[in-house]
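Trainee: Take a look at the following structure, please.
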Amino acid sequence: MAREIYAYRCRRCGTLHYPFRMVCKSCRENDMFEFDPEPLPKKGRLLTFTHVHALPADFDVPRLGLGIVELENGIRITGQLAVEDPMMGMEVTGEVKVVRHTGYEDRYGMVFS
Ligand SMILES: [Zn+2]
C-alpha cells in the first residue's frame, strides 16, 4: 500500500494545515486537537529548487535536489527532486518514499519527479 503524508483539516473552520499545528492558525479556537487528517495530493507545481551537496551520511544519495512544490490544494511542501533538469513552474508528481535513515527510524518524505 502506498504511504501517504497527511495534512490536517480544522473541524471548526475547515482550514488545512501542513505540517500539523497544535492550534488552528486560522480560527485560533481549535485547541482541542480537532483535526481530520487527509492525504496530501501528489500533483503540484515546482516553485523553486536547489541542489544540496555534502549531505550527512544517513542520506542515501550523494547529491540531493530539493524543491518547494505547491500542491493542488495550495499546500506548499519541501521535497526531494528526482528530475534531471528541473525548471520552475513545471508540473511534478510526488511519491512518498523513505528519504532518510536516522538511527532505527526511517523518515518518509515526498520525492517529486
Ligand atoms: Zn480552524
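Labeling convention for the C-alpha cells: chains A, B, ... as they appear, residues from 1 per chain, ligands from 1 in order of appearance.
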Using only C-alpha atoms and all ligand atoms, what table do you get, as CSV, when you list each residue of chain A with an atom no more than 10 Å from ligand 1, its nearest pair of atoms, and their distance in Å rounded to one decimal, rows by chain then rising number?
Mentor:
residue,atom,partner,partner_atom_place_in_ligand_line,distance
A:Arg9,CA,ligand 1,1 (Zn),7.9
A:Cys10,CA,ligand 1,1 (Zn),4.7
A:Arg11,CA,ligand 1,1 (Zn),6.6
A:Arg12,CA,ligand 1,1 (Zn),5.0
A:Cys13,CA,ligand 1,1 (Zn),4.1
A:Gly14,CA,ligand 1,1 (Zn),6.0
A:Thr15,CA,ligand 1,1 (Zn),5.6
A:Leu16,CA,ligand 1,1 (Zn),8.4
A:His17,CA,ligand 1,1 (Zn),9.4
A:Val23,CA,ligand 1,1 (Zn),7.9
A:Cys24,CA,ligand 1,1 (Zn),4.6
A:Lys25,CA,ligand 1,1 (Zn),6.7
A:Ser26,CA,ligand 1,1 (Zn),5.2
A:Cys27,CA,ligand 1,1 (Zn),4.1
A:Arg28,CA,ligand 1,1 (Zn),6.0
A:Glu29,CA,ligand 1,1 (Zn),6.4
A:Asn30,CA,ligand 1,1 (Zn),5.6
A:Asp31,CA,ligand 1,1 (Zn),9.1
A:Glu34,CA,ligand 1,1 (Zn),8.8
A:Phe35,CA,ligand 1,1 (Zn),8.7
Trainee: Mind listing the strand (DSSP E or B) residues of chain A, per DSSP on the backbone, as JSON, numbers by chain?
Mentor: {"A": [6, 7, 8, 9, 10, 16, 17, 35, 36, 37, 38, 39, 43, 44, 45, 46, 47, 48, 49, 50, 51, 52, 64, 65, 66, 67, 68, 69, 70, 71, 76, 77, 78, 79, 80, 81, 91, 92, 93, 94, 95, 96, 97, 98, 99, 100, 101, 102, 105, 106, 107, 108, 109, 110, 111, 112]}
Trainee: Report, in Å with one decimal, the straight-line distance from atom CA of A:Ile68 to atom CA of A:Asp36.
Mentor: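 Those two atoms sit 24.3 Å apart.
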Trainee: Would you kindly return, as a list in words, each protein, DNA or RNA residue with an atom no farther than 12 Å from any atom of A:Ser113, considering only C-alpha atoms and excluding same-chain residues fewer than 4 positions away?
Mentor: Lys42, Lys43, Gly44, Arg45, Leu46, Gly65, Leu66, Gly67, Val69, Gly79, Gln80, Leu81, Ala82, Val83, Glu84, Asp85, Pro86, Met87, Met90, Glu91, Val92, Thr93, Gly94, Glu95 and Val96 of chain A
Trainee: Quick one: residues within 10 Å of A:Arg63, only C-alpha atoms counted, chain neighbours fewer than 5 positions away excluded, as a list of chain:residue names?
Mentor: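 The filter keeps A:His51, A:Val52, A:His53, A:Ala54, A:Leu55.
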